[in-house]
Amino acid sequence: MHAESLQDPLYLAMRAWARDEAGQAAASACMTCHAVGTFEGRTIGVDCEACHQSRTVAGPKDLTVDTALPVRARRKADAPHATVADAQLVSGAFCLVCHAELHNQAGLPVCTTGPEAAENPQGPGCLSCHRAHDFPGAVPALLARAATLAIEPRGNEVIVTVSNVGAGHSLPTGSALRQIRLDVVFTDRAGRRVGDNATDAAALFARLLQDKEGKSPAPPWRAVAVARDTRLTRGELRRLTYPIPAGAAAVEASLTYRRAPTAIAERLNLEAHKFLQPIEMARFRRGLP
Ligand code: HEC
Ligand code: HEC
Ligand code: HEC
Ligand code: HEC
């Protein structure tokens, strides 16, 4: 994703939409984190030098690559270029230059991974989970260990429990486009659907932004308020209760991650793009007494 930070099709489409609706200044502001300036006046994406040969005083705005600097590394090494040990890089503190908190023009926080993780100062740093150097994020392997799912029948109801066990921050985190949906389906003895939770708004885990007309979800540059934030905070265990419909013999729950709501993917003509296909995170099935 870092290598794609300037070519990523969802990013390009959202930036074009921001430009059409809010003007060039709004679109240029995106470059603060998706691009890095160099000392010689070039613009690059989140490339090697952005993390290994850059300096900043006040965050992403003035992050500048300077190839005269020694390369920041885990330890000073014998390399054909100068290197320097950098504790900030290894602890993950440096990640927060771009991942801490992003406010839009209305002052609304639209991306808050840093503060979400900081709620537990003893918690592991970013790199303990995003360890591989391709910095995997919302990929099937990490999503599969992010949450657990369980179903417990009680009387004429079932209690579905969803827990954020694997993310060091809210689930989902990052861009306000991200959504996770819990689907619960009841079937009879013949496997026919006899009920589901399709209309339950509480089964969508997302931070939905709202514009000044009260419309939601609104894109980040137009947002003036958070309509609702139903994401699972770090370590949270959430219980949802559903009545067992007549004739139900089994119940199945599944959790699905989407990088962007289907309506936005369709609006941007990206619904067929491989990045925007739903990813199954967990599934749990049991018979009913
Ligand atoms: C303060 C830094 C910052 C600024 C400014 C910023 N972004 Fe981002 N953006 C990020 C980070 C960090 C991520 C990765 C978080 C994630 O994956 O959820 C990201 C991810 C995204 C994604 C998701 C990409 C994908 O393929 O899933 C889109 C789309 C996006 N940004 C669009 C924009 C647009 C449009 C703007 C300007 C209106 C903008 N960003 C401004 C930091 C920033
Ligand atoms: C998003 C920031 C980021 C980007 C981009 C990045 N790196 Fe790294 N790199 C790190 C971090 C953090 C570590 C230390 C990881 C660890 O603790 O193992 C590291 C470690 C390394 C190491 C091991 C050196 C040591 O510390 O022992 C090498 C070599 C390296 N990176 C090369 C590259 C190259 C080449 C690129 C571009 C293709 C690149 N990096 C892009 C953050 C980054
Ligand atoms: C110069 C700004 C910058 C720095 C520094 C940075 N990132 Fe990112 N990161 C981004 C942007 C921008 C994106 C989204 C790129 C896109 O797809 O448009 C991103 C994406 C990601 C993703 C992928 C999210 C997904 O959707 O799957 C992960 C994980 C991530 N960063 C972790 C890290 C970690 C860990 C560090 C520290 C070693 C770090 N980042 C440092 C800007 C940065
Ligand atoms: C305890 C493990 C853990 C720690 C610590 C952790 N993460 Fe994550 N992260 C995950 C898992 C699991 C996912 C996939 C689920 C999700 O998207 O939330 C993820 C996803 C992400 C994403 C992608 C979100 C998306 O949907 O695009 C970004 C960006 C990210 N993490 C950044 C960070 C940063 C920055 C830190 C440090 C402040 C950090 N993470 C600390 C486990 C962790």
# chains A, B, ... in the order shown; residues from 1 in each chain; ligands from 1

call {"tool": "residues_near_ligand", "arguments": {"ligand": "ligand 4", "cutoff": "7 Å", "atoms": "only C-alpha atoms and all ligand atoms", "output": "PyMOL selection string"}}
result
chain A and resi 92+95-96+99-100+113-114+117+123-130+137-139+142-143+145-146+166-175+178+259

call {"tool": "write_last_selection", "arguments": {"atoms": "C-alpha atoms", "output": "PDB file, in the first residue's frame"}}
result
ATOM      1  CA  GLY A  92       6.929   2.313  15.430  1.00  0.00           C
ATOM      2  CA  CYS A  95       4.695   5.503  11.813  1.00  0.00           C
ATOM      3  CA  LEU A  96       2.607   8.104  13.661  1.00  0.00           C
ATOM      4  CA  HIS A  99      -0.936   7.455  10.960  1.00  0.00           C
ATOM      5  CA  ALA A 100      -1.614   9.475  14.134  1.00  0.00           C
ATOM      6  CA  THR A 113      -5.310   5.094  14.464  1.00  0.00           C
ATOM      7  CA  GLY A 114      -2.676   6.800  16.676  1.00  0.00           C
ATOM      8  CA  ALA A 117      -3.612   2.647  19.940  1.00  0.00           C
ATOM      9  CA  GLY A 123       0.300  -1.939  24.337  1.00  0.00           C
ATOM     10  CA  PRO A 124       2.582  -3.335  21.653  1.00  0.00           C
ATOM     11  CA  GLY A 125       3.992  -0.900  19.108  1.00  0.00           C
ATOM     12  CA  CYS A 126       2.765  -0.866  15.507  1.00  0.00           C
ATOM     13  CA  LEU A 127       5.624  -3.064  14.351  1.00  0.00           C
ATOM     14  CA  SER A 128       4.835  -5.966  16.677  1.00  0.00           C
ATOM     15  CA  CYS A 129       1.849  -6.777  14.452  1.00  0.00           C
ATOM     16  CA  HIS A 130       2.738  -4.975  11.183  1.00  0.00           C
ATOM     17  CA  GLY A 137      -2.767  -4.105   6.872  1.00  0.00           C
ATOM     18  CA  ALA A 138      -6.254  -5.174   5.842  1.00  0.00           C
ATOM     19  CA  VAL A 139      -5.061  -8.405   4.182  1.00  0.00           C
ATOM     20  CA  LEU A 142      -4.270 -10.184   9.478  1.00  0.00           C
ATOM     21  CA  LEU A 143      -8.049  -9.829   9.139  1.00  0.00           C
ATOM     22  CA  ARG A 145      -6.855 -12.996  13.423  1.00  0.00           C
ATOM     23  CA  ALA A 146      -8.400  -9.606  14.130  1.00  0.00           C
ATOM     24  CA  GLY A 166      -6.129  -8.996  17.320  1.00  0.00           C
ATOM     25  CA  ALA A 167      -5.989  -5.300  16.398  1.00  0.00           C
ATOM     26  CA  GLY A 168      -3.935  -2.827  18.417  1.00  0.00           C
ATOM     27  CA  HIS A 169      -6.527  -0.138  17.611  1.00  0.00           C
ATOM     28  CA  SER A 170     -10.188   0.054  16.647  1.00  0.00           C
ATOM     29  CA  LEU A 171     -11.587  -2.490  14.228  1.00  0.00           C
ATOM     30  CA  PRO A 172     -11.741  -1.284  11.514  1.00  0.00           C
ATOM     31  CA  THR A 173      -9.228   1.578  11.802  1.00  0.00           C
ATOM     32  CA  GLY A 174      -7.686   4.097   9.405  1.00  0.00           C
ATOM     33  CA  SER A 175      -9.768   5.487   6.570  1.00  0.00           C
ATOM     34  CA  ARG A 178     -13.668   0.924   6.030  1.00  0.00           C
ATOM     35  CA  ARG A 259     -12.347  -1.285   2.058  1.00  0.00           C
TER      36      ARG A 259
END

call {"tool": "residues_near_ligand", "arguments": {"ligand": "ligand 1", "cutoff": "8 Å", "atoms": "only C-alpha atoms and all ligand atoms", "output": "count of residues only"}}
result
45

call {"tool": "residues_near_ligand", "arguments": {"ligand": "ligand 2", "cutoff": "10 Å", "atoms": "only C-alpha atoms and all ligand atoms", "output": "MDAnalysis selection string"}}
result
chainID A and resid 1:3 45:53 71:77 79 83:95 98 126:128 130:135

call {"tool": "write_last_selection", "arguments": {"atoms": "C-alpha atoms", "output": "compact mmCIF listing (two decimals), in the first residue's frame"}}
result
# COMPACT_ATOMS: atom_id res chain seq x y z
CA MET A 1 0.00 0.00 0.00
CA HIS A 2 2.90 2.37 0.74
CA ALA A 3 4.38 1.72 -2.69
CA GLY A 45 5.19 8.20 -2.67
CA VAL A 46 5.72 6.49 0.69
CA ASP A 47 8.93 4.97 -0.70
CA CYS A 48 12.04 3.67 1.07
CA GLU A 49 13.46 7.14 1.70
CA ALA A 50 10.22 8.40 3.26
CA CYS A 51 10.97 6.20 6.28
CA HIS A 52 14.73 5.68 6.05
CA GLN A 53 16.17 9.04 4.91
CA VAL A 71 20.06 5.76 6.38
CA ARG A 72 18.01 5.12 9.53
CA ALA A 73 18.09 1.46 10.55
CA ARG A 74 17.67 -0.96 13.43
CA ARG A 75 21.39 -0.65 14.18
CA LYS A 76 24.44 1.07 12.73
CA ALA A 77 25.65 -1.34 10.06
CA ALA A 79 26.93 -0.66 4.52
CA THR A 83 23.66 4.32 8.58
CA VAL A 84 22.38 5.35 11.96
CA ALA A 85 20.47 3.37 14.61
CA ASP A 86 17.03 4.91 15.08
CA ALA A 87 14.87 3.91 18.04
CA GLN A 88 11.84 5.85 16.69
CA LEU A 89 11.83 3.79 13.52
CA VAL A 90 12.08 0.45 15.32
CA SER A 91 9.50 1.28 18.04
CA GLY A 92 6.93 2.31 15.43
CA ALA A 93 6.77 5.86 16.85
CA PHE A 94 7.80 7.09 13.41
CA CYS A 95 4.69 5.50 11.81
CA CYS A 98 1.29 9.92 9.05
CA CYS A 126 2.76 -0.87 15.51
CA LEU A 127 5.62 -3.06 14.35
CA SER A 128 4.83 -5.97 16.68
CA HIS A 130 2.74 -4.98 11.18
CA ARG A 131 6.16 -6.59 11.30
CA ALA A 132 6.74 -7.77 7.75
CA HIS A 133 8.41 -5.11 5.68
CA ASP A 134 5.53 -4.98 3.21
CA PHE A 135 3.51 -3.62 6.16

call {"tool": "closest_residue", "arguments": {"among": "A:Pro115, A:Gly23, A:Gly59, A:Pro261", "to": "ligand 3", "atoms": "only C-alpha atoms and all ligand atoms"}}
result
A:Gly59

call {"tool": "atom_distance", "arguments": {"atom1": "CA of Thr67 in chain A", "atom2": "CA of Ser54 in chain A"}}
result
7.8 Å

call {"tool": "select_by_dssp", "arguments": {"residues": "range 140-244 of chain A", "states": "strand (DSSP E or B)", "output": "ChimeraX atom specification"}}
result
/A:147-154,157-164,171,179-187,193-196,204-205,207-210,225-229,232,237-243
